[in-house]
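Visitor: Have a look at this one.
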Amino acid sequence: MQGPRPVVLSGPSGAGKSTLLKKLLKDYENIFGFSVSHTTRQPRPGEVNGKDYHFVTREEMQKEIDAGEFIEHAEFSGNMYGTSKGAVQAVQAQNQICVLDIDIQGVKNIKRTDLNPIYISVQPPSIDILEKRLRDRKTETEESLLKRLTAARVDLELSKEPGLFDLVIINDDLEKAYSELKEMLLEEIKKTQESRNS
Ligand SMILES: Nc1ncnc2c1ncn2[C@@H]1O[C@H](COP(=O)(O)OP(=O)(O)OP(=O)(O)O)[C@@H](O)[C@H]1O
Ligand SMILES: Nc1nc2c(ncn2[C@@H]2O[C@H](COP(=O)(O)O)[C@@H](O)[C@H]2O)c(=O)[nH]1
């Protein structure tokens, strides 16, 4: 795959990946592009099909997986999620830095590909704080919230594997976490800006 190095943002549900990503996409509108994943979960209020996710049925997604159209896919908290080749190519065709928001199974699967991204894990200061953030977000039922907390514990354990991530950001103070993210990506941002001006 060509163009600037992609970025993988991973970490437990509710850790703050989308919040950080939204800031990044707003501040560097033309530099970063979001890899729009497929999912079988129901859209949340305000989510737009084709922008936040491609919302599909299990049958539709399985058909595309069987056809070899996905770079990676995983089952998370009772739903399927996956990154299509098309999602990444659409961003790379614009010569933008492609950002993938994926779970830890996705990270492990991407490691087996030639995508060569920068791997960043966004983590909460504690499980209690994560639970509060997920509850306050009001997107989950009690059942899905408990599933996500169980997955979060597994994620935090697995992410200790040496070398799995290039950077771990503890998202306590949002501005501090965002500064750490920007600092890590500064070189790729500069390279992309320079290539635009040349
Ligand atoms: N540093 C922070 N301090 C307080 N609240 C935060 C902080 N960062 C994010 N939040 C809030 O926590 C909630 C979860 O954040 P967000 O939706 O960005 O998580 P996520 O990692 O993208 O989750 P998911 O994987 O489920 O999409 C949101 O309501 C967000 O506003
Ligand atoms: N392996 C993949 N994981 C993905 C993908 N898109 C999103 N995700 C992860 O799923 C959970 C839950 O997301 P939510 O939007 O339902 O809260 C979260 O950890 C995402 O990072 C994907 O394409 N592949």
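Following the order of the structure tokens, first chain is A, next is B, and so on, with residues numbered from 1 inside each chain and ligands from 1 in the order they appear.
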Set out as a Markdown table a contact list for stretch 89-119 of chain A and stretch 164-168 of chain A with a cut-off of 12 Å, giving each residue of stretch 89-119 of chain A that qualifies its closest atom pair and distance in Å to one decimal, counting only C-alpha atoms, ordered by chain and rising residue number.
Guide:
```
| residue | atom | partner | partner_atom | distance |
| --- | --- | --- | --- | --- |
| A:Ile104 | CA | A:Leu164 | CA | 9.7 |
| A:Gln105 | CA | A:Leu164 | CA | 11.6 |
| A:Gly106 | CA | A:Leu164 | CA | 11.9 |
| A:Val107 | CA | A:Leu164 | CA | 8.3 |
| A:Lys108 | CA | A:Leu164 | CA | 8.2 |
| A:Asn109 | CA | A:Leu164 | CA | 11.6 |
| A:Ile110 | CA | A:Leu164 | CA | 11.2 |
| A:Lys111 | CA | A:Leu164 | CA | 8.8 |
| A:Asn116 | CA | A:Asp166 | CA | 11.7 |
| A:Pro117 | CA | A:Asp166 | CA | 9.7 |
| A:Ile118 | CA | A:Asp166 | CA | 6.5 |
| A:Tyr119 | CA | A:Phe165 | CA | 4.9 |
```
Visitor: List as a PyMOL selection string the protein and nucleic acid residues lying within 9 Å of ligand 2, with only C-alpha atoms and all ligand atoms counted.
Guide: chain A and resi 9-15+17-18+35-39+41-44+52-53+71-77+79-84+100-110+139-140+148+151-152
Visitor: Tell me, in Å to one decimal, how far atom CA of A:Val99 is from atom CA of A:Phe34.
Guide: 5.0 Å
Visitor: As an NGL selection string, please: every residue in stretch 75-157 of chain A that DSSP puts in alpha helix (DSSP H).
Guide: :A and (85-92 or 104-110 or 127-137 or 142-157)
Visitor: Under the rule that only C-alpha atoms and all ligand atoms are counted, which of A:Leu149, A:Leu115, A:Val48, A:Met61 is the nearest residue to ligand 1?
Guide: A:Leu149
Visitor: Which distance in Å separates atom 19 (O, counted along the ligand's line) of ligand 1 and atom CA of A:Ile169, to one decimal?
Guide: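 According to the coordinates, atom 19 (O, counted along the ligand's line) of ligand 1 and atom CA of A:Ile169 are separated by 13.1 Å.
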Visitor: From the options A:Gly16, A:Lys85, A:Leu25, A:Arg133, which residue's atoms come nearest to A:Ser121, counting only C-alpha atoms?
Guide: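 Using only C-alpha atoms, the shortest distance to A:Ser121 belongs to A:Gly16.
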Visitor: What is the atom CA of A:Ala90-atom CA of A:Glu47 distance in Å, reported with one decimal?
Guide: 19.9 Å
Visitor: I'd like the contact shell of A:Glu188 - 10 Å cut-off, only C-alpha atoms, skipping same-chain residues fewer than 5 positions apart - returned as a PDB file with C-alpha atoms, in the first residue's frame.
Guide:
```
ATOM      1  CA  PRO A   4       1.810   8.209   4.157  1.00  0.00           C
ATOM      2  CA  ARG A   5       1.932   5.712   7.003  1.00  0.00           C
ATOM      3  CA  PRO A   6      -1.534   4.904   8.360  1.00  0.00           C
ATOM      4  CA  VAL A   7      -2.400   5.225  12.058  1.00  0.00           C
ATOM      5  CA  ILE A  31      -4.260  15.679   6.313  1.00  0.00           C
ATOM      6  CA  ILE A  97      -3.000   9.715   6.508  1.00  0.00           C
ATOM      7  CA  ILE A 118       1.742   3.482  13.645  1.00  0.00           C
ATOM      8  CA  LYS A 182      -0.199  15.004  17.975  1.00  0.00           C
ATOM      9  CA  GLN A 193       2.052  18.829   4.488  1.00  0.00           C
ATOM     10  CA  GLU A 194       5.388  19.088   2.647  1.00  0.00           C
TER      11      GLU A 194
END
```
Visitor: Counting only C-alpha atoms and all ligand atoms, figure out which residue out of A:Leu21, A:Ile189, A:Met184, A:Val91 gets nearest to ligand 1.
Guide: A:Leu21
Visitor: Which of these residues is nearest to ligand 1, using only C-alpha atoms and all ligand atoms: A:Glu59, A:Asp136, A:Glu29, A:Glu131?
Guide: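 Closest to ligand 1 of all the choices is A:Asp136.
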